[in-house]
2 protein chains.
Amino acid sequence: MHAVRNRANLARSIAQSRALTRPVYAQGRLIRRALATSEAPSAQQASGPSTPPPPPPQSRWRNFLQILGRTTLITLVGTTGAFYYITQRERHPGAQMPFDPEKKTLVVLGSGWGATSLLKTLDTADYNVVVISPKNYFLFTPLLPSVAVGTLNPRSIIQPTRYVTRHKKRAVSVIEAEASDIDPINKTITFADNSEIQGQVSTTTIPYDYLVYAVGAEVQTFNIPGVKENACFMKELHDAENMQRRFMDCVETAAFPGQATEEVDRLLHMVVVGGGPTGVELSGELHDFLEDDLKSWYPELAGKIRITLVEALPSVLPSFSKQLINYTESTFKESKIDILTKTMVKEVKEKSVVLQMPDKSIQEMPCGMVVWAAGNKGRKLTQDLMAKLPTTQTNRRGLLVDDYLRMQGAQDSIFAIGDCTATSYAPTAQVASQQGAYLARVLGSLAKKENLKNMLHQLESSIDQVKGEEEKKAAVAEIESVRNQSAKIKLRPFHYSHQGSLAYIGSEKAIADLPFMNGNIASGGVATYLFWRSAYLSTLFSLRNRTLVGTDWVKVKLFGRDVSRE
Amino acid sequence: MHAVRNRANLARSIAQSRALTRPVYAQGRLIRRALATSEAPSAQQASGPSTPPPPPPQSRWRNFLQILGRTTLITLVGTTGAFYYITQRERHPGAQMPFDPEKKTLVVLGSGWGATSLLKTLDTADYNVVVISPKNYFLFTPLLPSVAVGTLNPRSIIQPTRYVTRHKKRAVSVIEAEASDIDPINKTITFADNSEIQGQVSTTTIPYDYLVYAVGAEVQTFNIPGVKENACFMKELHDAENMQRRFMDCVETAAFPGQATEEVDRLLHMVVVGGGPTGVELSGELHDFLEDDLKSWYPELAGKIRITLVEALPSVLPSFSKQLINYTESTFKESKIDILTKTMVKEVKEKSVVLQMPDKSIQEMPCGMVVWAAGNKGRKLTQDLMAKLPTTQTNRRGLLVDDYLRMQGAQDSIFAIGDCTATSYAPTAQVASQQGAYLARVLGSLAKKENLKNMLHQLESSIDQVKGEEEKKAAVAEIESVRNQSAKIKLRPFHYSHQGSLAYIGSEKAIADLPFMNGNIASGGVATYLFWRSAYLSTLFSLRNRTLVGTDWVKVKLFGRDVSRE
């Protein structure tokens, strides 16, 4: 408070002194100035000491600027310094504790939402941790549609897994490999390096004490003919890059001289299959790309691009409230994105998509590109694992787990989280992420329990050597206390707390379904769009990714999206 | 000047008023303050008008901060505003003049240094311009090694060709296609869309009046076995991305559990072939990546990475001065990059490279990756074109052109620039870029001459209809004047002005060979590195690319390079 008051006083004094003395100063030297400052106040005094003239408006404005300037400077220097300090600390992780043969081995399979959230929360001092994943990075999947149209740089939404593990207490081994076999009886896992460059050793088997199974799911094509061959997907980073390349290829091919009007219309018709958040966001982003960028660079084509969203269910975004679905539909109508609900894809051909319309008629729609964003299915590894425990693992949708996320039938040594499980929760990043954090706490408790058990064992075995009545009493008391401590460690079942659903729908509008008190808040529009941005930014795991995505957004605002077909 | 003086006065007045009045203000109200300001100066006056007390040091510091704050604020607001204005103008090009059937057709083949420089300078009002290139963007090749190690984002060093052409006076047709045939007699060019997605029409032939041939060159492998199959290149954007992926693959494979020490050493041995600027910069960048990033994230491997630079000539960087070559060699020695000069590559195998050493002995070096950055050769299209004019086009190195860059034997209708030509100049971006700008001026002159010729023709054909002695005289004078104007337009031969050679050699050091007066300045070190950066930034064609590259550099400083194998 004192500082603020001083500053206000200061500002006033500056204003006064300047107003009073400037005319003299303009021509003045040092001596004259000294005189001037002594003369000026007397003039003021004459007008009465209780009513000083109000500072002229220009001065007030100047004061304001001065204070604003100082604030800007301080903020700038302060944040730059803090930012630099934090980034440098992140960039240079220190030494870590080595592997400890006494500790149990925890193998984490995967590097997605579940696995990364687990690694962030886990105290690695408790275990020797091995992470195995075919990708050596975490991918922020909800922003894939933004990458697909060039709003974001591909590398802005990934984070090397080592950026997380190198900051943990004990060293974590990160292996870029694909698991090929899990033996839940002997507790071993076999994995192979399937990448282009392989060493002398490219496959190996290691034992585990605990396995966290977080491999996610793969794209569900429902065995519809042509999907695998002719459609783009929206699951991995290369899918998004591939889609961008194909989209620009369609545009460039349409611009080829002498292309017939009908063919141009075909090439510029983009079909998105799947009315979930991914399909809706992709349609919205495609529309933005069209409005913001293609119009400038391909003015002759921009008006001809059509986007169609196909959904088998009666409405898009079934997880959102009716009101928001209507809002999305009307926004899409304004954006000229066609929504076809109750429509099934029967085949994807090279230059068209065959649809079964709501009235069961079959229609072939010519198009340049089909993006498939319709559902997940279990990976082969998951199916193989389930086949090894045929009596307990009976759900075709995925692994069955108990309330503590332990895989059923796997002797409490395998935990499963995320999209590879069959639970009552939707297969979302939010669920996987909460499960990962929960599991990290469970594993911490298990380690603590294990420690206490070992201590107890040691105490019990040494009690016979204790001489004297007093000492014996003390030892028994200690055993009792350790036993109590151990008994107090109780696992609580996993509980999912829904934080809300968000989706971007294009034209700088987003929709949000947020649980509030006992009801829901549904909101849509530009404010929600800003909320969507900030929510995504804050969900990004690292300052690095937040900065990268943030600067990408600024870049697109300034320079637009890149129309190079790279 | 006036402003500066006022500001200085202002600062002094602020300092004084504060020094004098603060103690009273601290407890003061409005009335008291008015009194205080009238009393304070009299105290000062007593000490003599010619020696006002010096402002206390704290105040000076405050003044400084205040002025700095104001300057920061003004600079921030000003530059942000100007920047935003410029970028928005760039993003939203206006309407363009349509194609004019009266104008000649100018076909530009290529979108590299030569073609882009031509397009930038050309007045498109003079021609109907058609650009044909298999890439719809310009690639800033000198920064490819930076992309290969992740210092820069791939998209930061490319610029869609339409970003240039859409800002020209008359509309320019940009076609993403590969030329397959040129008929220099009938003046036609045939091209095809060879990309993944093709329309009904995917090949066509168009006539031209002038053709600017700027297709560049392709990688020269000297038919050495295994180069095409096993080496990475450093010519196109996907080459750099491919190299990054392979490099990270080598690192991840070396990190695979149970890899033998020897195999780890092989996998982490990177061989760069070619001691020109590309090879040297790539070695330097690889070293930086190792020092700055891999050490943090792969501490167990970082010490084991080896880089070897192979060059057939007796020294690296033959175009630089002896002193700078020595500087580079000693820097590389410190960086532990091995240089093998007078060493020829005999074969590139999947896991090794076979070398002929200076003593003619053959040696097989195990390695994880070979990057080939050794020379250019003409494209097939160029060879085909030369074969059509066998009497004049006899140089195997490339197209022969006259002093005005006209292709010899092509009836003055084909111009050739850049790496596809065989001239006395080195095949560098600098030469191609100057040739492009020169050619734009030549084409402008030709158009002017053509206009005057048409005017003359019109005047001459209408002179018979002119009645009256006076009018006839005037018409003859006008004809004479037009004839004079036309005669004045003389083409000057192309003259290359060398601006200097620059190369980054790693460890934040660069070397520069700059022509100065009649001699050369050779400079190396960190200052040269900053010069290298600013020179590259200013050579980038657009504000957009400058900003993207600049922010990438800041990002790497803050967050390091990405070690994801994407």
# chains A, B, ... in the order shown; residues from 1 in each chain; ligands from 1
$ residues_around --residues "Pro98 of chain A" --least-positions-apart "4" --cutoff "12 Å" --atoms "only C-alpha atoms" --output "ChimeraX atom specification"
/A:102-103,124-129,166,168-173 /B:300
$ write_last_selection --atoms "N, CA and C atoms" --output "compact mmCIF listing (two decimals), in the first residue's frame"
# COMPACT_ATOMS: atom_id res chain seq x y z
N GLU A 102 17.58 -53.75 -5.35
CA GLU A 102 16.66 -54.09 -4.26
C GLU A 102 15.20 -53.75 -4.62
N LYS A 103 15.06 -52.77 -5.52
CA LYS A 103 13.71 -52.28 -5.82
C LYS A 103 13.02 -53.17 -6.85
N THR A 124 9.69 -42.09 -8.63
CA THR A 124 10.50 -43.17 -9.21
C THR A 124 11.54 -43.70 -8.23
N ALA A 125 11.68 -43.07 -7.08
CA ALA A 125 12.61 -43.59 -6.09
C ALA A 125 12.16 -44.97 -5.62
N ASP A 126 10.86 -45.25 -5.72
CA ASP A 126 10.30 -46.50 -5.22
C ASP A 126 10.56 -47.70 -6.12
N TYR A 127 10.85 -47.44 -7.40
CA TYR A 127 10.92 -48.55 -8.36
C TYR A 127 12.08 -48.35 -9.34
N ASN A 128 12.46 -49.43 -10.01
CA ASN A 128 13.26 -49.32 -11.22
C ASN A 128 12.25 -49.27 -12.37
N VAL A 129 12.16 -48.12 -13.02
CA VAL A 129 11.10 -47.94 -14.01
C VAL A 129 11.66 -48.09 -15.42
N ARG A 166 13.78 -37.72 -17.31
CA ARG A 166 15.09 -37.24 -16.87
C ARG A 166 14.97 -36.32 -15.66
N LYS A 168 13.04 -37.07 -13.08
CA LYS A 168 12.59 -37.87 -11.94
C LYS A 168 13.79 -38.18 -11.04
N LYS A 169 13.48 -38.57 -9.79
CA LYS A 169 14.53 -38.83 -8.80
C LYS A 169 15.48 -39.94 -9.25
N ARG A 170 14.88 -41.09 -9.61
CA ARG A 170 15.72 -42.21 -10.03
C ARG A 170 15.67 -42.31 -11.56
N ALA A 171 16.77 -42.71 -12.15
CA ALA A 171 16.85 -42.85 -13.61
C ALA A 171 15.75 -43.78 -14.10
N VAL A 172 15.15 -43.43 -15.21
CA VAL A 172 14.12 -44.25 -15.84
C VAL A 172 14.66 -44.68 -17.20
N SER A 173 14.51 -45.93 -17.53
CA SER A 173 14.98 -46.40 -18.82
C SER A 173 13.85 -46.25 -19.84
N GLU B 300 23.99 -41.33 -21.09
CA GLU B 300 24.79 -42.55 -21.18
C GLU B 300 25.39 -42.73 -22.58
$ residues_around --residues "Glu241 of chain A" --least-positions-apart "5" --cutoff "10 Å" --atoms "only C-alpha atoms" --output "list of chain:residue names"
A:Leu144, A:Pro145, A:Val147, A:Ala148, A:Val149, A:Gly150, A:Asn153, A:Pro154, A:Cys232, A:Met234, A:Glu236, A:Arg246, A:Phe247, A:Glu566
$ write_last_selection --atoms "N, CA, C and O atoms" --output "CSV table (one decimal), in the first residue's frame"
chain,number,residue,atom,x,y,z
A,144,LEU,N,-4.5,-32.6,-32.7
A,144,LEU,CA,-4.1,-33.2,-34.0
A,144,LEU,C,-4.9,-32.5,-35.2
A,144,LEU,O,-4.2,-32.1,-36.2
A,145,PRO,N,-6.2,-32.2,-35.1
A,145,PRO,CA,-6.8,-31.5,-36.2
A,145,PRO,C,-6.2,-30.2,-36.5
A,145,PRO,O,-6.1,-29.7,-37.7
A,147,VAL,N,-3.0,-29.5,-36.3
A,147,VAL,CA,-1.8,-29.8,-37.0
A,147,VAL,C,-2.2,-30.1,-38.5
A,147,VAL,O,-1.5,-29.7,-39.4
A,148,ALA,N,-3.3,-30.8,-38.7
A,148,ALA,CA,-3.7,-31.3,-40.0
A,148,ALA,C,-3.9,-30.1,-41.0
A,148,ALA,O,-3.7,-30.3,-42.2
A,149,VAL,N,-4.3,-29.0,-40.5
A,149,VAL,CA,-4.5,-27.9,-41.4
A,149,VAL,C,-3.4,-26.8,-41.3
A,149,VAL,O,-3.5,-25.8,-41.9
A,150,GLY,N,-2.4,-27.1,-40.5
A,150,GLY,CA,-1.3,-26.2,-40.4
A,150,GLY,C,-1.4,-25.1,-39.4
A,150,GLY,O,-0.6,-24.1,-39.4
A,153,ASN,N,2.3,-26.4,-35.6
A,153,ASN,CA,3.5,-27.1,-36.0
A,153,ASN,C,3.4,-28.5,-35.4
A,153,ASN,O,3.1,-28.7,-34.2
A,154,PRO,N,3.7,-29.6,-36.2
A,154,PRO,CA,3.7,-30.9,-35.6
A,154,PRO,C,4.5,-31.0,-34.3
A,154,PRO,O,4.0,-31.6,-33.3
A,232,CYS,N,-7.7,-41.1,-45.0
A,232,CYS,CA,-6.7,-40.6,-44.0
A,232,CYS,C,-7.2,-40.8,-42.6
A,232,CYS,O,-8.4,-40.8,-42.4
A,234,MET,N,-6.7,-39.9,-38.2
A,234,MET,CA,-6.4,-38.8,-37.4
A,234,MET,C,-6.1,-39.3,-36.0
A,234,MET,O,-6.7,-38.9,-35.0
A,236,GLU,N,-2.3,-40.6,-35.2
A,236,GLU,CA,-0.9,-40.3,-34.9
A,236,GLU,C,-0.5,-39.0,-35.6
A,236,GLU,O,-1.2,-38.5,-36.5
A,246,ARG,N,-2.2,-34.3,-48.3
A,246,ARG,CA,-3.2,-34.7,-49.3
A,246,ARG,C,-4.2,-33.6,-49.6
A,246,ARG,O,-4.6,-33.4,-50.7
A,247,PHE,N,-4.5,-32.9,-48.6
A,247,PHE,CA,-5.5,-31.7,-48.8
A,247,PHE,C,-4.9,-30.7,-49.8
A,247,PHE,O,-5.5,-30.3,-50.7
A,566,GLU,N,4.3,-29.9,-48.6
A,566,GLU,CA,5.7,-30.2,-48.3
A,566,GLU,C,5.9,-31.7,-48.5
A,566,GLU,O,5.0,-32.5,-48.2
$ residues_around --residues "segment 471-474 of chain B" --least-positions-apart "6" --cutoff "12 Å" --atoms "only C-alpha atoms" --output "list in words"
Leu459, Glu460, Ser462, Ile463, Asp464, Gln465, Glu480 and Ser481 of chain B
$ closest_residue --among "B:Phe332, B:Trp553, B:Tyr137, B:Trp113" --to "chain A" --atoms "only C-alpha atoms"
B:Tyr137
